[in-house]
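Just below is one structure, and these are the notes that go with it.
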Amino acid sequence: MMRYILVLALFFGLQKGYAQQGQLKITIPNIDKIEGKIQVSLYNSKDKFIKKGQEYKSQIRNVKSNSETFIFKNLPVGVYAVALYHDENSDGKCNTNLIGIPKEGYGFSQNFKPSLSAPKFDDTKFKLENETEISVKLIY
């Protein structure tokens, strides 16, 4: 009987370890204009990174101050990347110039600043543990 209880305890203990959940707090500290919306997109796959409609989770909120904080709860512990933009004119897209450079503020986890091409998942990835906090500065 004691072996049976031990096996069950071990099984449920391992299950809990595999199902660890975390929380991600993202602060954007440098919003230029208190207008429009901020969209924060969370990715957990390099194949889906910054592809429209391929986000793991996403939040959109009206800008109410020069600093905004977004919280994603109950996320599986693992590797993620964040991409966000300030939709100043609330048209639902990140407006770009003729050569594809954003005209509205944008940013990535690890505060990665792209130079000649869009960032890769590996440039921006981070490990989410129990409670992870990151700050992403907008690039204008």
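Letters A, B, ... mark the chains of the structure tokens in the order given; residue numbers begin at 1 per chain; ligand numbers begin at 1, in order shown.
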Within 10 Å of A:Glu35, counting only C-alpha atoms, which residues qualify if same-chain residues fewer than 6 places away don't, as a PyMOL selection string?
chain A and resi 62-66+86-90
Produce a table with one row for each residue of stretch 25-87 of chain A that has an atom at most 7 Å from any atom of stretch 95-115 of chain A, each row naming the nearest atom pair and its distance in Å at one decimal; use only C-alpha atoms; arrange rows by chain and rising residue number; format as a tab-separated table.
```
residue	atom	partner	partner_atom	distance
A:Ala81	CA	A:Ser109	CA	6.0
A:Val82	CA	A:Ser109	CA	5.0
A:Ala83	CA	A:Phe108	CA	4.6
A:Leu84	CA	A:Gly107	CA	5.4
A:Tyr85	CA	A:Tyr106	CA	4.0
A:His86	CA	A:Gly105	CA	5.0
A:Asp87	CA	A:Glu104	CA	6.5
```
Can you spit out the residues from that selection as a PDB file, in the first residue's frame, using N, CA and C atoms?
```pdb
ATOM      1  N   ALA A  81       9.170  35.614 -26.937  1.00  0.00           N
ATOM      2  CA  ALA A  81       9.653  36.877 -27.480  1.00  0.00           C
ATOM      3  C   ALA A  81       8.456  37.819 -27.581  1.00  0.00           C
ATOM      4  N   VAL A  82       8.723  39.118 -27.444  1.00  0.00           N
ATOM      5  CA  VAL A  82       7.672  40.131 -27.485  1.00  0.00           C
ATOM      6  C   VAL A  82       7.942  41.101 -28.622  1.00  0.00           C
ATOM      7  N   ALA A  83       6.884  41.462 -29.340  1.00  0.00           N
ATOM      8  CA  ALA A  83       6.921  42.537 -30.322  1.00  0.00           C
ATOM      9  C   ALA A  83       5.735  43.434 -30.011  1.00  0.00           C
ATOM     10  N   LEU A  84       5.936  44.749 -30.075  1.00  0.00           N
ATOM     11  CA  LEU A  84       4.840  45.664 -29.779  1.00  0.00           C
ATOM     12  C   LEU A  84       4.950  46.910 -30.632  1.00  0.00           C
ATOM     13  N   TYR A  85       3.827  47.609 -30.746  1.00  0.00           N
ATOM     14  CA  TYR A  85       3.864  48.884 -31.448  1.00  0.00           C
ATOM     15  C   TYR A  85       2.814  49.827 -30.891  1.00  0.00           C
ATOM     16  N   HIS A  86       3.072  51.130 -31.103  1.00  0.00           N
ATOM     17  CA  HIS A  86       2.171  52.195 -30.678  1.00  0.00           C
ATOM     18  C   HIS A  86       1.369  52.636 -31.893  1.00  0.00           C
ATOM     19  N   ASP A  87       0.134  52.217 -31.932  1.00  0.00           N
ATOM     20  CA  ASP A  87      -0.769  52.555 -33.030  1.00  0.00           C
ATOM     21  C   ASP A  87      -1.343  53.946 -32.743  1.00  0.00           C
TER      22      ASP A  87
END
```
Surrounding residues of A:Ile28 excluding itself and chain neighbours under 6 positions, 6 Å, only C-alpha atoms, as a list in words
Ser67, Glu68, Ser135, Val136 and Lys137 of chain A
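Distance annotation: of A:Lys125, A:Leu138, A:Glu131, A:Val40, the residue with the minimal separation from A:Leu75 is A:Glu131; atom set is only C-alpha atoms.
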Could you jot down the atom CA of A:Glu55 to atom CA of A:Thr69 separation for me, Å, one decimal place?
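Atom-to-atom, atom CA of A:Glu55 and atom CA of A:Thr69 are spaced 18.7 Å apart.
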Straight-line distance linking atom CA of A:Gln39 with atom CA of A:Lys127, stated in Å to one decimal
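Computed distance, atom CA of A:Gln39 to atom CA of A:Lys127, equals 21.1 Å.
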Those of stretch 7-131 of chain A in DSSP strand (DSSP E or B), formatted as a VMD selection string:
chain A and resid 21 to 28 37 to 43 57 to 62 68 to 76 78 to 87 96 102 106 to 108 126 to 128 131
Fewer than 2 positions away in the same chain doesn't count, so skip those; otherwise give me all residues within 10 Å of A:Thr132, counting only C-alpha atoms, as a ChimeraX atom specification.
/A:22-26,71,77,126-130,134
Mind dumping the selected residues with C-alpha atoms as a PDB file, in the first residue's frame?
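Saved as result-v3.pdb:
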```pdb
ATOM      1  CA  GLY A  22       4.213  31.867 -14.985  1.00  0.00           C
ATOM      2  CA  GLN A  23       3.283  35.500 -15.251  1.00  0.00           C
ATOM      3  CA  LEU A  24       4.868  38.064 -17.557  1.00  0.00           C
ATOM      4  CA  LYS A  25       4.818  41.777 -16.737  1.00  0.00           C
ATOM      5  CA  ILE A  26       5.835  44.052 -19.619  1.00  0.00           C
ATOM      6  CA  ILE A  71       0.393  41.496 -17.682  1.00  0.00           C
ATOM      7  CA  VAL A  77       7.091  28.389 -18.333  1.00  0.00           C
ATOM      8  CA  PHE A 126      13.904  35.417 -23.099  1.00  0.00           C
ATOM      9  CA  LYS A 127      13.059  32.736 -20.555  1.00  0.00           C
ATOM     10  CA  LEU A 128       9.781  33.049 -18.680  1.00  0.00           C
ATOM     11  CA  GLU A 129       9.951  31.666 -15.180  1.00  0.00           C
ATOM     12  CA  ASN A 130       7.490  32.053 -12.291  1.00  0.00           C
ATOM     13  CA  ILE A 134      10.726  43.020 -18.690  1.00  0.00           C
TER      14      ILE A 134
END
```
